[in-house]
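*Asks:* Mind having a look at this structure? Questions to follow.
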Amino acid sequence: MKFQSYEEFEKANTFGLGDFNSDYAEYFIGKSYLKPLTNPNETSVGLLNVTFEPGCRNNWHIHKAKSGGGQLLICTAGEGWYQEEGKAPVSLTPGTIITIPANVKHWHGAKRDSWFSHIAVEIPGEDAANVWCEPVTDEAYDKIEE
């Protein structure tokens, strides 16, 4: 279900908005918000609720790792997009689970007309690191069709 109104979206966003994502804002077009669901000092698996305003998306990026690593996205509210380099975008709705292997270039974010949240699960791996790449241009984003 799409949510253009934040007030309506807030009712469906089970894990809450969190704080403005100021630490990583340079890697997003639009505003995103982070709400940690686990404490990284207490567990080896990080869980974050990531919320995107309509049209917000992150840059292309890669979860590098020698072994293990990668990311899971568990979509919880609103509608969004996920795309791997060289593949068509995938529509994201609540209940969609995306498995992102290590070393795969991709991006994800909200549809232009909906707020969107997903839980990001960081998979532990050897020499794991996130590498940020170029933005998803407005031209490329605007070509995505429902």
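Labels used: A, B, ... for chains in the order of the structure tokens, numbers from 1 for residues in each chain, and numbers from 1 for ligands as shown.
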So that I can see what lies close to Ala110 in chain A, please list as an MDAnalysis selection string the residues with an atom at most 6 Å from it, counting only C-alpha atoms and leaving out residues fewer than 2 positions away in the same chain.
*Replies:* chainID A and resid 52 54:56 80 116
*Asks:* Using backbone DSSP assignments, extract all alpha helix (DSSP H) residues from chain A; output them as a list in words.
*Replies:*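 Selecting the alpha helix (DSSP H) positions of chain A gives Tyr6, Glu7, Glu8, Phe9, Glu10, Lys11, Ala12, Asp138, Glu139, Ala140, Tyr141 and Asp142 of chain A.
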*Asks:* Find the distance between CA of Leu73 in chain A and CA of Val121 in chain A and write it in Å to one decimal.
*Replies:*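 According to the coordinates, CA of Leu73 in chain A and CA of Val121 in chain A are separated by 6.4 Å.
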*Asks:* Quick one: everything within 9 Å of range 15-19 of chain A, counting only C-alpha atoms, minus sequence neighbours fewer than 6 positions away in the same chain. Send it as a PyMOL selection string.
*Replies:* chain A and resi 32-37+49-51+76+117+119
*Asks:* Can you pull out every residue within 10 Å of Gly86 in chain A, counting only C-alpha atoms, but drop anything in the same chain fewer than 2 positions away, and send it as a VMD selection string?
*Replies:* chain A and resid 83 to 84 88 to 89 105 to 106
*Asks:* Which of chain A counts as strand (DSSP E or B) under DSSP, as a PyMOL selection string please?
*Replies:* chain A and resi 19-20+28-29+32-36+46-52+57-58+61-64+67-68+71-78+80-84+90-92+97-100+106-110+116-122+125-126+129-132
*Asks:* Rank A:Ala77, A:Asn21, A:Gly109, A:Ile29 by their smallest atom-to-atom distance to Pro94 in chain A, using only C-alpha atoms, and report the top residue only.
*Replies:* A:Ala77
*Asks:* Mind checking which residues fall within 7 Å of Thr93 in chain A, counting only C-alpha atoms, ignoring those fewer than 2 positions away in the same chain, and posting them as a list in words?
*Replies:*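 The residues that qualify are Cys75, Ala77, Gly78, Glu79, Gly80, Ser91, Gly95 and Thr96 of chain A.
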*Asks:* Any chance you could tabulate, as a Markdown table, the residues of range 11-114 of chain A at most 10 Å from range 122-142 of chain A with each one's nearest atom pair and distance in Å to one decimal, using only C-alpha atoms, in chain and rising number order?
*Replies:*
```
| residue | atom | partner | partner_atom | distance |
| --- | --- | --- | --- | --- |
| A:Tyr24 | CA | A:Trp132 | CA | 10.0 |
| A:Glu26 | CA | A:Pro135 | CA | 9.6 |
| A:Tyr27 | CA | A:Trp132 | CA | 7.1 |
| A:Phe28 | CA | A:Pro135 | CA | 7.5 |
| A:Ile29 | CA | A:Pro135 | CA | 7.5 |
| A:Ser44 | CA | A:Pro124 | CA | 6.8 |
| A:Val45 | CA | A:Glu122 | CA | 6.1 |
| A:Gly46 | CA | A:Glu122 | CA | 5.3 |
| A:Leu47 | CA | A:Glu122 | CA | 6.7 |
| A:Leu48 | CA | A:Glu122 | CA | 8.6 |
| A:Gly55 | CA | A:Tyr141 | CA | 8.8 |
| A:Arg57 | CA | A:Val136 | CA | 7.6 |
| A:Asn58 | CA | A:Pro135 | CA | 7.1 |
| A:Asn59 | CA | A:Pro135 | CA | 4.2 |
| A:Trp60 | CA | A:Cys133 | CA | 5.1 |
| A:His61 | CA | A:Trp132 | CA | 4.5 |
| A:Ile62 | CA | A:Val131 | CA | 5.2 |
| A:His63 | CA | A:Asn130 | CA | 4.6 |
| A:Lys64 | CA | A:Ala129 | CA | 5.2 |
| A:Ala65 | CA | A:Ala128 | CA | 4.2 |
| A:Lys66 | CA | A:Glu126 | CA | 5.4 |
| A:Ser67 | CA | A:Glu126 | CA | 5.3 |
| A:Gly68 | CA | A:Gly125 | CA | 4.1 |
| A:Gly69 | CA | A:Gly125 | CA | 4.0 |
| A:Gly70 | CA | A:Ile123 | CA | 5.4 |
| A:Gln71 | CA | A:Glu122 | CA | 4.8 |
| A:Leu72 | CA | A:Glu122 | CA | 6.7 |
| A:Leu73 | CA | A:Glu122 | CA | 9.0 |
| A:Trp81 | CA | A:Tyr141 | CA | 9.7 |
| A:Pro89 | CA | A:Tyr141 | CA | 9.7 |
| A:Ile100 | CA | A:Ile123 | CA | 9.5 |
| A:Pro101 | CA | A:Ile123 | CA | 9.3 |
| A:Ala102 | CA | A:Ala128 | CA | 8.5 |
| A:Asn103 | CA | A:Asn130 | CA | 9.4 |
| A:Lys105 | CA | A:Cys133 | CA | 8.6 |
| A:His106 | CA | A:Cys133 | CA | 9.5 |
| A:Trp107 | CA | A:Val136 | CA | 7.7 |
| A:His108 | CA | A:Val136 | CA | 9.5 |
| A:Lys111 | CA | A:Tyr141 | CA | 9.2 |
| A:Arg112 | CA | A:Asp142 | CA | 8.4 |
```
